[in-house]
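**Q** Got a structure for you, work_11.cif, holding mmCIF, C-alpha atoms.
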```
data_target
#
loop_
_atom_site.label_atom_id
_atom_site.label_comp_id
_atom_site.auth_asym_id
_atom_site.auth_seq_id
_atom_site.Cartn_x
_atom_site.Cartn_y
_atom_site.Cartn_z
CA MET A 1 -19.21 6.60 -1.36
CA THR A 2 -19.00 2.84 -1.79
CA LYS A 3 -15.40 1.71 -1.58
CA ILE A 4 -14.81 -0.96 -4.18
CA ILE A 5 -11.17 -1.76 -4.71
CA THR A 6 -10.01 -4.10 -7.43
CA ILE A 7 -6.58 -5.68 -7.41
CA SER A 8 -5.07 -6.77 -10.68
CA ARG A 9 -1.69 -8.35 -10.26
CA GLU A 10 1.21 -10.08 -11.90
CA PHE A 11 1.66 -13.64 -10.75
CA GLY A 12 4.11 -13.70 -7.84
CA SER A 13 3.88 -9.98 -7.11
CA GLY A 14 2.07 -10.44 -3.80
CA GLY A 15 -1.15 -8.89 -5.08
CA ARG A 16 -3.36 -11.45 -3.38
CA GLU A 17 -1.69 -10.87 -0.01
CA LEU A 18 -1.91 -7.13 -0.55
CA GLY A 19 -5.64 -7.37 -1.30
CA LYS A 20 -6.30 -9.47 1.78
CA ARG A 21 -4.30 -7.24 4.10
CA LEU A 22 -5.80 -4.08 2.66
CA ALA A 23 -9.33 -5.42 3.15
CA ASP A 24 -8.53 -6.51 6.72
CA ALA A 25 -7.11 -3.09 7.54
CA LEU A 26 -10.18 -1.38 6.08
CA GLY A 27 -12.53 -3.82 7.80
CA ILE A 28 -14.21 -4.86 4.55
CA PRO A 29 -14.48 -8.26 2.83
CA CYS A 30 -11.95 -9.51 0.32
CA TYR A 31 -13.13 -11.80 -2.46
CA ASP A 32 -10.62 -14.02 -4.16
CA GLN A 33 -10.75 -17.82 -3.91
CA GLU A 34 -14.31 -17.46 -2.58
CA ILE A 35 -15.42 -16.66 -6.11
CA ILE A 36 -14.09 -19.96 -7.40
CA GLU A 37 -15.81 -21.93 -4.68
CA MET A 38 -19.12 -20.20 -5.35
CA ILE A 39 -18.95 -20.88 -9.08
CA ALA A 40 -18.06 -24.51 -8.47
CA LYS A 41 -20.83 -25.00 -5.95
CA GLU A 42 -23.55 -23.21 -7.89
CA ASN A 43 -22.78 -25.02 -11.12
CA GLY A 44 -21.73 -28.42 -9.86
CA PHE A 45 -18.22 -28.00 -11.28
CA ASP A 46 -15.01 -29.22 -9.76
CA ALA A 47 -13.30 -26.35 -7.91
CA ASN A 48 -9.93 -27.19 -9.45
CA TYR A 49 -11.42 -26.98 -12.92
CA VAL A 50 -12.91 -23.58 -12.14
CA ALA A 51 -9.66 -22.37 -10.57
CA ASN A 52 -7.81 -23.45 -13.69
CA ILE A 53 -9.95 -21.50 -16.10
CA SER A 54 -11.37 -18.63 -14.07
CA GLU A 55 -8.74 -16.18 -15.26
CA LYS A 56 -8.41 -17.42 -18.79
CA SER A 57 -10.23 -16.31 -21.89
CA ILE A 58 -12.91 -18.69 -23.06
CA GLU A 59 -10.70 -19.63 -25.97
CA ALA A 60 -7.75 -20.45 -23.70
CA ALA A 61 -10.04 -22.58 -21.55
CA TYR A 62 -10.82 -25.00 -24.40
CA PRO A 63 -7.74 -27.19 -24.16
CA LEU A 64 -8.66 -28.00 -20.60
CA THR A 65 -12.14 -28.86 -21.76
CA ILE A 66 -11.67 -30.72 -25.00
CA GLY A 67 -7.92 -31.20 -25.17
CA HIS A 68 -7.59 -29.53 -28.55
CA ARG A 69 -7.32 -25.83 -28.94
CA PHE A 70 -7.50 -25.29 -32.66
CA ALA A 71 -10.56 -27.26 -33.57
CA MET A 72 -13.74 -25.25 -33.93
CA PRO A 73 -15.47 -26.30 -30.75
CA PRO A 74 -19.08 -27.38 -30.91
CA LEU A 75 -21.44 -25.38 -28.74
CA GLN A 76 -21.84 -28.05 -26.08
CA VAL A 77 -18.08 -28.12 -25.53
CA MET A 78 -17.95 -24.36 -25.16
CA GLU A 79 -20.71 -24.51 -22.62
CA GLN A 80 -18.65 -25.15 -19.50
CA PRO A 81 -16.16 -22.30 -19.84
CA ILE A 82 -18.96 -19.99 -20.93
CA ARG A 83 -20.94 -20.90 -17.82
CA VAL A 84 -17.90 -20.22 -15.65
CA VAL A 85 -17.41 -16.80 -17.25
CA ALA A 86 -21.09 -15.90 -16.90
CA ALA A 87 -21.30 -17.11 -13.30
CA GLN A 88 -18.13 -15.26 -12.38
CA ARG A 89 -19.40 -12.04 -13.86
CA GLN A 90 -22.68 -12.39 -12.01
CA ILE A 91 -21.01 -13.11 -8.69
CA ILE A 92 -18.66 -10.16 -9.06
CA GLU A 93 -21.55 -7.86 -9.96
CA ASN A 94 -23.42 -9.03 -6.87
CA PHE A 95 -20.43 -8.43 -4.61
CA GLY A 96 -20.15 -4.95 -6.07
CA LYS A 97 -23.79 -4.20 -5.29
CA GLN A 98 -23.45 -5.43 -1.73
CA GLY A 99 -21.08 -2.61 -0.77
CA ASP A 100 -17.47 -1.98 0.22
CA CYS A 101 -15.09 -4.75 -0.77
CA VAL A 102 -11.76 -5.73 -2.28
CA ILE A 103 -11.88 -8.04 -5.29
CA VAL A 104 -8.72 -9.76 -6.47
CA GLY A 105 -8.27 -10.43 -10.18
CA ARG A 106 -10.91 -11.78 -12.55
CA SER A 107 -11.23 -8.50 -14.46
CA ALA A 108 -13.38 -7.01 -11.70
CA ASP A 109 -11.92 -3.60 -12.63
CA THR A 110 -13.83 -3.62 -15.89
CA ILE A 111 -16.81 -5.73 -14.83
CA LEU A 112 -17.57 -3.19 -12.09
CA SER A 113 -16.53 -0.04 -13.95
CA ASP A 114 -19.99 1.52 -13.53
CA LEU A 115 -19.48 1.51 -9.77
CA ASN A 116 -16.29 3.61 -10.03
CA PRO A 117 -13.94 1.21 -8.32
CA LEU A 118 -10.41 2.17 -7.36
CA ASN A 119 -8.32 -0.04 -9.60
CA LEU A 120 -4.88 -1.07 -8.37
CA PHE A 121 -2.23 -2.95 -10.27
CA VAL A 122 0.45 -4.82 -8.35
CA TYR A 123 3.70 -5.77 -10.07
CA ALA A 124 7.31 -6.61 -9.32
CA ASP A 125 10.57 -7.44 -11.02
CA LYS A 126 11.24 -11.01 -12.10
CA GLU A 127 13.62 -11.85 -9.28
CA SER A 128 11.16 -10.75 -6.59
CA LYS A 129 8.35 -12.73 -8.21
CA LEU A 130 10.46 -15.87 -8.50
CA GLU A 131 11.51 -15.49 -4.87
CA ARG A 132 7.89 -15.12 -3.76
CA CYS A 133 6.84 -18.15 -5.81
CA ARG A 134 9.65 -20.24 -4.35
CA LYS A 135 8.58 -19.34 -0.83
CA ARG A 136 4.95 -20.25 -1.32
CA ALA A 137 5.43 -23.33 -3.51
CA PRO A 138 3.71 -26.40 -2.05
CA GLU A 139 6.13 -28.84 -0.48
CA GLY A 140 7.35 -31.39 -2.96
CA GLU A 141 6.84 -29.09 -5.93
CA ASP A 142 10.12 -29.03 -7.66
CA MET A 143 10.14 -26.55 -10.51
CA THR A 144 13.36 -25.15 -11.90
CA PRO A 145 13.56 -21.35 -12.01
CA LYS A 146 13.20 -21.55 -15.80
CA GLU A 147 9.99 -23.60 -15.49
CA MET A 148 8.67 -21.26 -12.84
CA GLU A 149 9.39 -18.25 -15.04
CA ARG A 150 7.59 -19.88 -17.96
CA MET A 151 4.58 -20.62 -15.76
CA MET A 152 4.53 -17.06 -14.43
CA ARG A 153 4.59 -15.66 -17.94
CA GLN A 154 1.83 -18.00 -19.09
CA ILE A 155 -0.46 -17.12 -16.19
CA ASP A 156 0.01 -13.40 -16.80
CA ARG A 157 -0.70 -13.93 -20.49
CA ASP A 158 -3.90 -15.77 -19.56
CA ARG A 159 -4.94 -12.93 -17.28
CA ALA A 160 -4.31 -10.40 -20.03
CA GLN A 161 -6.46 -12.40 -22.45
CA HIS A 162 -9.19 -12.79 -19.85
CA HIS A 163 -9.19 -9.04 -19.45
CA GLU A 164 -9.44 -8.55 -23.22
CA MET A 165 -12.81 -10.31 -23.18
CA TYR A 166 -14.22 -7.40 -21.18
CA SER A 167 -12.35 -4.30 -22.17
CA ASP A 168 -10.11 -2.52 -24.64
CA ASN A 169 -8.04 -1.28 -21.71
CA ARG A 170 -4.85 -3.26 -21.78
CA TRP A 171 -4.15 -5.49 -18.77
CA GLY A 172 -1.01 -4.32 -16.99
CA ALA A 173 -0.77 -0.98 -18.84
CA LYS A 174 -0.63 1.77 -16.23
CA GLU A 175 -3.27 3.75 -18.12
CA SER A 176 -5.83 1.06 -17.20
CA TYR A 177 -5.40 1.63 -13.45
CA HIS A 178 -5.50 4.37 -10.86
CA LEU A 179 -2.47 3.28 -8.91
CA CYS A 180 0.32 0.86 -9.81
CA ILE A 181 2.42 -0.53 -6.99
CA ASN A 182 5.83 -2.08 -7.45
CA THR A 183 6.44 -4.62 -4.66
CA SER A 184 9.99 -5.60 -5.71
CA GLY A 185 12.01 -6.40 -2.60
CA LYS A 186 9.28 -5.09 -0.31
CA GLU A 187 7.31 -6.77 2.46
CA ILE A 188 3.66 -6.42 1.53
CA LYS A 189 2.52 -5.74 5.06
CA LYS A 190 4.75 -2.67 5.29
CA LEU A 191 3.04 -1.13 2.26
CA VAL A 192 -0.47 -1.58 3.61
CA PRO A 193 -0.85 1.30 6.11
CA GLY A 194 0.12 3.80 3.42
CA LEU A 195 -2.25 2.23 0.95
CA VAL A 196 -5.08 2.33 3.47
CA ALA A 197 -4.56 6.09 3.77
CA PHE A 198 -4.40 6.43 0.00
CA VAL A 199 -7.65 4.49 -0.42
CA LYS A 200 -9.45 6.60 2.17
CA GLY A 201 -8.26 9.80 0.51
CA TRP A 202 -9.34 8.49 -2.88
CA PHE A 203 -12.86 7.92 -1.65
CA GLY A 204 -12.96 11.32 0.02
CA GLU A 205 -12.82 10.18 3.63
CA MET B 1 16.67 6.52 6.29
CA THR B 2 17.03 9.54 4.01
CA LYS B 3 13.77 10.23 2.24
CA ILE B 4 14.50 11.18 -1.34
CA ILE B 5 11.43 11.22 -3.53
CA THR B 6 11.64 11.75 -7.25
CA ILE B 7 8.63 12.75 -9.32
CA SER B 8 8.61 11.92 -12.99
CA ARG B 9 5.50 13.13 -14.74
CA GLU B 10 3.63 13.49 -17.96
CA PHE B 11 3.16 17.09 -19.00
CA GLY B 12 -0.20 18.32 -17.68
CA SER B 13 -0.63 15.50 -15.16
CA GLY B 14 -0.18 17.74 -12.12
CA GLY B 15 3.09 16.09 -11.13
CA ARG B 16 4.74 19.38 -10.25
CA GLU B 17 1.87 20.37 -7.96
CA LEU B 18 1.89 16.91 -6.43
CA GLY B 19 5.62 17.14 -5.73
CA LYS B 20 5.30 20.55 -4.13
CA ARG B 21 2.34 19.57 -1.95
CA LEU B 22 3.94 16.29 -0.94
CA ALA B 23 7.13 18.07 0.11
CA ASP B 24 5.16 20.68 2.06
CA ALA B 25 3.18 17.99 3.87
CA LEU B 26 6.38 16.10 4.72
CA GLY B 27 8.13 19.31 5.76
CA ILE B 28 11.02 18.79 3.34
CA PRO B 29 12.27 20.90 0.41
CA CYS B 30 11.03 20.45 -3.15
CA TYR B 31 13.41 21.19 -6.01
CA ASP B 32 11.96 21.99 -9.38
CA GLN B 33 12.41 25.40 -11.02
CA GLU B 34 15.12 26.13 -8.46
CA ILE B 35 17.40 23.82 -10.40
CA ILE B 36 17.01 25.89 -13.55
CA GLU B 37 17.75 29.12 -11.75
CA MET B 38 20.86 27.65 -10.17
CA ILE B 39 22.18 26.38 -13.49
CA ALA B 40 21.51 29.72 -15.14
CA LYS B 41 23.17 31.69 -12.38
CA GLU B 42 26.21 29.48 -11.97
CA ASN B 43 26.93 29.37 -15.70
CA GLY B 44 25.84 32.80 -16.78
CA PHE B 45 23.09 31.38 -19.00
CA ASP B 46 19.69 32.84 -19.63
CA ALA B 47 17.10 31.07 -17.40
CA ASN B 48 14.69 30.69 -20.31
CA TYR B 49 17.34 28.95 -22.36
CA VAL B 50 18.09 26.56 -19.50
CA ALA B 51 14.38 25.94 -18.91
CA ASN B 52 13.98 25.11 -22.57
CA ILE B 53 16.67 22.48 -22.70
CA SER B 54 16.90 21.17 -19.14
CA GLU B 55 14.67 18.20 -19.87
CA LYS B 56 15.83 17.47 -23.37
CA SER B 57 18.57 15.20 -24.55
CA ILE B 58 21.73 16.98 -25.65
CA GLU B 59 20.88 16.10 -29.23
CA ALA B 60 17.40 17.62 -28.96
CA ALA B 61 18.90 20.76 -27.45
CA TYR B 62 20.94 21.54 -30.58
CA PRO B 63 18.28 23.27 -32.61
CA LEU B 64 17.85 25.81 -29.86
CA THR B 65 21.57 26.35 -29.84
CA ILE B 66 22.56 26.42 -33.47
CA GLY B 67 19.25 26.42 -35.26
CA HIS B 68 20.04 23.32 -37.30
CA ARG B 69 19.56 19.89 -35.93
CA PHE B 70 21.07 17.66 -38.55
CA ALA B 71 24.45 19.26 -39.06
CA MET B 72 27.29 17.60 -37.18
CA PRO B 73 27.78 20.16 -34.45
CA PRO B 74 31.28 21.36 -33.75
CA LEU B 75 32.44 20.90 -30.19
CA GLN B 76 32.08 24.53 -29.20
CA VAL B 77 28.40 24.48 -30.23
CA MET B 78 27.74 21.39 -28.16
CA GLU B 79 29.32 23.04 -25.20
CA GLN B 80 26.31 24.90 -23.85
CA PRO B 81 23.87 22.00 -23.64
CA ILE B 82 26.62 19.76 -22.28
CA ARG B 83 27.36 22.29 -19.59
CA VAL B 84 23.65 22.44 -18.69
CA VAL B 85 23.46 18.66 -18.42
CA ALA B 86 26.61 18.45 -16.32
CA ALA B 87 25.56 21.30 -14.03
CA GLN B 88 22.12 19.81 -13.58
CA ARG B 89 23.51 16.44 -12.65
CA GLN B 90 25.88 18.01 -10.14
CA ILE B 91 23.14 20.09 -8.55
CA ILE B 92 20.81 17.09 -8.25
CA GLU B 93 23.60 14.99 -6.72
CA ASN B 94 24.25 17.73 -4.20
CA PHE B 95 20.58 18.00 -3.27
CA GLY B 96 20.52 14.24 -2.77
CA LYS B 97 23.50 14.39 -0.43
CA GLN B 98 21.95 17.18 1.62
CA GLY B 99 19.13 14.94 2.87
CA ASP B 100 15.37 14.50 2.61
CA CYS B 101 13.84 16.15 -0.44
CA VAL B 102 11.45 15.90 -3.36
CA ILE B 103 12.95 16.43 -6.83
CA VAL B 104 10.65 16.98 -9.79
CA GLY B 105 11.72 15.67 -13.20
CA ARG B 106 15.19 15.95 -14.71
CA SER B 107 15.88 12.20 -14.48
CA ALA B 108 16.64 12.51 -10.76
CA ASP B 109 15.31 8.95 -10.37
CA THR B 110 18.31 7.55 -12.18
CA ILE B 111 20.87 10.23 -11.28
CA LEU B 112 20.26 9.47 -7.59
CA SER B 113 19.68 5.73 -7.88
CA ASP B 114 22.55 4.96 -5.48
CA LEU B 115 20.65 6.77 -2.73
CA ASN B 116 17.60 4.49 -3.09
CA PRO B 117 15.03 7.17 -3.83
CA LEU B 118 11.32 6.43 -3.93
CA ASN B 119 10.48 7.00 -7.58
CA LEU B 120 6.96 8.13 -8.42
CA PHE B 121 5.44 8.54 -11.86
CA VAL B 122 2.44 10.82 -12.28
CA TYR B 123 0.21 10.44 -15.33
CA ALA B 124 -3.32 11.14 -16.53
CA ASP B 125 -5.58 10.67 -19.49
CA LYS B 126 -5.41 13.12 -22.37
CA GLU B 127 -8.59 15.01 -21.46
CA SER B 128 -7.46 15.65 -17.90
CA LYS B 129 -4.07 16.84 -19.07
CA LEU B 130 -5.56 19.18 -21.66
CA GLU B 131 -7.92 20.56 -19.04
CA ARG B 132 -5.07 21.16 -16.62
CA CYS B 133 -3.01 22.86 -19.33
CA ARG B 134 -5.93 25.10 -20.28
CA LYS B 135 -6.37 26.19 -16.69
CA ARG B 136 -2.76 27.11 -16.15
CA ALA B 137 -2.05 28.63 -19.56
CA PRO B 138 -0.71 32.17 -19.30
CA GLU B 139 -3.27 34.79 -20.21
CA GLY B 140 -3.16 35.62 -23.87
CA GLU B 141 -1.81 32.23 -24.86
CA ASP B 142 -4.18 30.97 -27.42
CA MET B 143 -3.41 27.43 -28.41
CA THR B 144 -5.99 25.18 -30.03
CA PRO B 145 -6.52 21.82 -28.29
CA LYS B 146 -4.71 20.19 -31.24
CA GLU B 147 -1.67 22.43 -30.79
CA MET B 148 -1.72 21.87 -27.07
CA GLU B 149 -1.85 18.13 -27.55
CA ARG B 150 1.07 18.27 -29.97
CA MET B 151 3.08 20.31 -27.48
CA MET B 152 2.25 17.90 -24.65
CA ARG B 153 3.39 14.95 -26.72
CA GLN B 154 6.61 16.69 -27.74
CA ILE B 155 7.51 17.62 -24.18
CA ASP B 156 6.94 14.05 -22.99
CA ARG B 157 9.05 12.79 -25.87
CA ASP B 158 11.83 15.16 -24.84
CA ARG B 159 11.62 13.95 -21.27
CA ALA B 160 11.82 10.35 -22.39
CA GLN B 161 14.92 11.11 -24.46
CA HIS B 162 16.48 13.03 -21.60
CA HIS B 163 15.94 9.97 -19.41
CA GLU B 164 17.56 7.74 -22.02
CA MET B 165 20.82 9.63 -21.60
CA TYR B 166 21.06 8.27 -18.06
CA SER B 167 19.40 4.90 -17.99
CA ASP B 168 18.10 1.89 -19.90
CA ASN B 169 14.94 2.05 -17.77
CA ARG B 170 12.25 3.37 -20.01
CA TRP B 171 10.69 6.71 -19.02
CA GLY B 172 7.00 6.23 -18.25
CA ALA B 173 7.13 2.41 -18.10
CA LYS B 174 5.73 1.34 -14.74
CA GLU B 175 8.67 -1.03 -14.25
CA SER B 176 10.95 2.00 -13.92
CA TYR B 177 9.08 3.34 -10.87
CA HIS B 178 7.91 2.27 -7.43
CA LEU B 179 4.49 3.86 -7.61
CA CYS B 180 2.53 5.22 -10.57
CA ILE B 181 -0.33 7.59 -9.84
CA ASN B 182 -3.13 8.34 -12.25
CA THR B 183 -4.48 11.82 -11.57
CA SER B 184 -7.25 11.78 -14.21
CA GLY B 185 -10.20 13.78 -12.95
CA LYS B 186 -8.70 14.10 -9.47
CA GLU B 187 -7.76 17.12 -7.40
CA ILE B 188 -4.09 16.74 -6.57
CA LYS B 189 -4.46 18.04 -3.04
CA LYS B 190 -6.90 15.25 -2.18
CA LEU B 191 -4.34 12.61 -3.14
CA VAL B 192 -1.59 14.04 -0.98
CA PRO B 193 -2.47 12.83 2.56
CA GLY B 194 -2.61 9.23 1.33
CA LEU B 195 0.66 9.61 -0.50
CA VAL B 196 2.30 11.07 2.59
CA ALA B 197 1.32 7.93 4.50
CA PHE B 198 2.56 5.75 1.67
CA VAL B 199 5.91 7.56 1.59
CA LYS B 200 6.37 7.23 5.34
CA GLY B 201 5.57 3.50 5.19
CA TRP B 202 7.98 3.07 2.29
CA PHE B 203 10.83 4.55 4.29
CA GLY B 204 9.91 2.46 7.32
CA GLU B 205 8.54 5.21 9.52
#
```
Starting from the file, give its structure as structure tokens.
**A**
Amino acid sequence: MTKIITISREFGSGGRELGKRLADALGIPCYDQEIIEMIAKENGFDANYVANISEKSIEAAYPLTIGHRFAMPPLQVMEQPIRVVAAQRQIIENFGKQGDCVIVGRSADTILSDLNPLNLFVYADKESKLERCRKRAPEGEDMTPKEMERMMRQIDRDRAQHHEMYSDNRWGAKESYHLCINTSGKEIKKLVPGLVAFVKGWFGE
Amino acid sequence: MTKIITISREFGSGGRELGKRLADALGIPCYDQEIIEMIAKENGFDANYVANISEKSIEAAYPLTIGHRFAMPPLQVMEQPIRVVAAQRQIIENFGKQGDCVIVGRSADTILSDLNPLNLFVYADKESKLERCRKRAPEGEDMTPKEMERMMRQIDRDRAQHHEMYSDNRWGAKESYHLCINTSGKEIKKLVPGLVAFVKGWFGE
């Protein structure tokens, strides 16, 4: 049975690291930033622009495109975010068809639902997420905890809205996933061997 | 590190079976119905009475005791459910002190929080839960799916209220647990080997 594992995650929960480590341990590819680079390259977009909108709803992507969210956007202004969404969907579908893989974020859980992926959700308490963000913040970035918290909340809200474009299943609600993993105060790498065993059991190995 | 695993579960999700199988695979005791029998024996109560109220809030246990929920109950009428709650707490605390174990339900996650248990929540979609209930219904029991669904909802509501007596953490909210497992359409026994590995990793083995 093809092992497709999707990782949805709260910002700062360590979901990306978990996806990468899980894929490495299973010996299968993990797709995350690669998706952004492919969209940018195939469409001649700036990778930062794609990264900024790739987990937002088309509506939320407008301000970055035209600088004004509430105006009714003319079709040509909507074109860029729509192309990103379409390209992303296509790329994710292709990865799914290619075989075993881990895909991080980008609503892959619902885009690939026909392939019966194992859908994981990774979350943590606020303190653990802030701590993780502080540790991985680029040097020179100087956000206050309050600012960081606001950013975390906004990114998760964007991800939820992105998910709403594809599915009625609510982003972050346990009912939308097969397994929800709380990483509060935990080292991600220590959780991975157990998850590898869980994944194998899930796929009947 | 002492391995205490608590299983909270939606009615019909297979949480009890999961707890029992997990304990067997880990070679540690599982406490579930045993708790009811101990309370009944130690207090001279009928086991059915204890089973009926052991996962309800004291308030919800009144009707079974005095047949009228909205009257202000005199102290002597409150006594029985209070004694059940107190005995249950004591028994769970004692099990926790005795060492590695799995405890199913009864708000053990919060009663034993000082012992750093691994708290699991087991859930499933409505169809899977109804199917599981149908399969394990005693012969002769003849509930319609509608009645069964109503009963399922009521039992989960009781469990949530029981949990509220002990903790502000919401019963069934993923934030209140370390791992949430969706058993929809799955055979419990196939999930167990993976969970065993996860549990061992969690406790640093």
**Q** When the cut-off is 12 Å and we count only C-alpha atoms, which residues of chain B are near chain A, given as a ChimeraX atom specification?
**A** /B:10,118-126,172-205
**Q** Let me see the file: selected residues, C-alpha atoms, as a tab-separated table (two decimals), keeping the file's coordinate frame.
**A**
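The resulting again.tsv:
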```
chain	number	residue	atom	x	y	z
B	10	GLU	CA	3.63	13.49	-17.96
B	118	LEU	CA	11.32	6.43	-3.93
B	119	ASN	CA	10.48	7.00	-7.58
B	120	LEU	CA	6.96	8.13	-8.42
B	121	PHE	CA	5.44	8.54	-11.86
B	122	VAL	CA	2.44	10.82	-12.28
B	123	TYR	CA	0.21	10.44	-15.33
B	124	ALA	CA	-3.32	11.14	-16.53
B	125	ASP	CA	-5.58	10.67	-19.49
B	126	LYS	CA	-5.41	13.12	-22.37
B	172	GLY	CA	7.00	6.23	-18.25
B	173	ALA	CA	7.13	2.41	-18.10
B	174	LYS	CA	5.73	1.34	-14.74
B	175	GLU	CA	8.67	-1.03	-14.25
B	176	SER	CA	10.95	2.00	-13.92
B	177	TYR	CA	9.08	3.34	-10.87
B	178	HIS	CA	7.91	2.27	-7.43
B	179	LEU	CA	4.49	3.86	-7.61
B	180	CYS	CA	2.53	5.22	-10.57
B	181	ILE	CA	-0.33	7.59	-9.84
B	182	ASN	CA	-3.13	8.34	-12.25
B	183	THR	CA	-4.48	11.82	-11.57
B	184	SER	CA	-7.25	11.78	-14.21
B	185	GLY	CA	-10.20	13.78	-12.95
B	186	LYS	CA	-8.70	14.10	-9.47
B	187	GLU	CA	-7.76	17.12	-7.40
B	188	ILE	CA	-4.09	16.74	-6.57
B	189	LYS	CA	-4.46	18.04	-3.04
B	190	LYS	CA	-6.90	15.25	-2.18
B	191	LEU	CA	-4.34	12.61	-3.14
B	192	VAL	CA	-1.59	14.04	-0.98
B	193	PRO	CA	-2.47	12.83	2.56
B	194	GLY	CA	-2.61	9.23	1.33
B	195	LEU	CA	0.66	9.61	-0.50
B	196	VAL	CA	2.30	11.07	2.59
B	197	ALA	CA	1.32	7.93	4.50
B	198	PHE	CA	2.56	5.75	1.67
B	199	VAL	CA	5.91	7.56	1.59
B	200	LYS	CA	6.37	7.23	5.34
B	201	GLY	CA	5.57	3.50	5.19
B	202	TRP	CA	7.98	3.07	2.29
B	203	PHE	CA	10.83	4.55	4.29
B	204	GLY	CA	9.91	2.46	7.32
B	205	GLU	CA	8.54	5.21	9.52
```
**Q** What do you get, as a ChimeraX atom specification, if you spell out every residue that the PyMOL selection byres ((chain A and resi 89) around 12) selects here?
**A** /A:35-36,38-39,54-55,82-88,90-96,105-112,162,165-166
**Q** May I ask which of the residues A:Arg150, A:Ser128, A:Asp156, A:Asp168 is the closest one to A:Gly14, counting all atoms listed in the file?
**A**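 Ranked by minimum distance to A:Gly14, first place goes to A:Ser128.
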**Q** For B:Ala160, which of B:Phe11, B:Thr6, B:Ala51, B:Ala23 is the closest residue, counting all atoms listed in the file?
**A**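 Looking only at the distances to B:Ala160, the closest residue turns out to be B:Phe11.
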**Q** Calculate how many Å separate atom CA of B:Ile5 from atom CA of B:Lys20, rounding to one decimal.
**A**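 If I compute the distance from atom CA of B:Ile5 to atom CA of B:Lys20, I get 11.2 Å.
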**Q** Just the residues within 10 Å of B:Arg134, please, counting all atoms listed in the file, with nothing from its chain fewer than 4 positions along; format it as a PDB file with C-alpha atoms, in the frame of the given file.
**A**
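Saved the output as around_13.pdb:
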```
ATOM      1  CA  GLY B  12      -0.200  18.320 -17.680  1.00  0.00           C
ATOM      2  CA  SER B 128      -7.460  15.650 -17.900  1.00  0.00           C
ATOM      3  CA  LYS B 129      -4.070  16.840 -19.070  1.00  0.00           C
ATOM      4  CA  LEU B 130      -5.560  19.180 -21.660  1.00  0.00           C
ATOM      5  CA  PRO B 138      -0.710  32.170 -19.300  1.00  0.00           C
ATOM      6  CA  GLU B 141      -1.810  32.230 -24.860  1.00  0.00           C
ATOM      7  CA  ASP B 142      -4.180  30.970 -27.420  1.00  0.00           C
ATOM      8  CA  MET B 143      -3.410  27.430 -28.410  1.00  0.00           C
ATOM      9  CA  THR B 144      -5.990  25.180 -30.030  1.00  0.00           C
ATOM     10  CA  PRO B 145      -6.520  21.820 -28.290  1.00  0.00           C
ATOM     11  CA  MET B 148      -1.720  21.870 -27.070  1.00  0.00           C
TER      12      MET B 148
END
```
**Q** What is the distance between atom CA of B:Ile28 and atom CA of B:Cys101, in Å to one decimal?
**A**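 Taking atom CA of B:Ile28 as the start and atom CA of B:Cys101 as the end point, the length is 5.4 Å.
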**Q** Padding 5 Å on every side, please: axis-aligned box over the listed atoms of stretch 137-148 of chain B, centre and edge lengths to one decimal in Å, as AutoDock Vina command-line options.
**A**
```
--center_x -3.6 --center_y 27.9 --center_z -25.3 --size_x 15.8 --size_y 25.4 --size_z 21.9
```
**Q** Residues within 8 Å of B:Ile4, please, as a list of chain:residue names. Count all atoms listed in the file; anything in the same chain fewer than 5 positions from it doesn't count.
**A**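 In the requested form, the answer reads B:Gly96, B:Gly99, B:Asp100, B:Cys101, B:Val102, B:Ile103, B:Leu115, B:Asn116, B:Pro117, B:Leu118.
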**Q** My list of candidates is B:Ser57, B:Asn48, B:Asn43, B:Gln33. Which is closest to B:Ile155 when distances are computed with all atoms listed in the file?
**A**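 Closest residue, counting all atoms listed in the file: B:Ser57.
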**Q** In Å, rounded to a single decimal, give me how far atom CA of A:Ala137 is from atom CA of A:Tyr49.
**A**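 These two atoms are separated by 19.6 Å.
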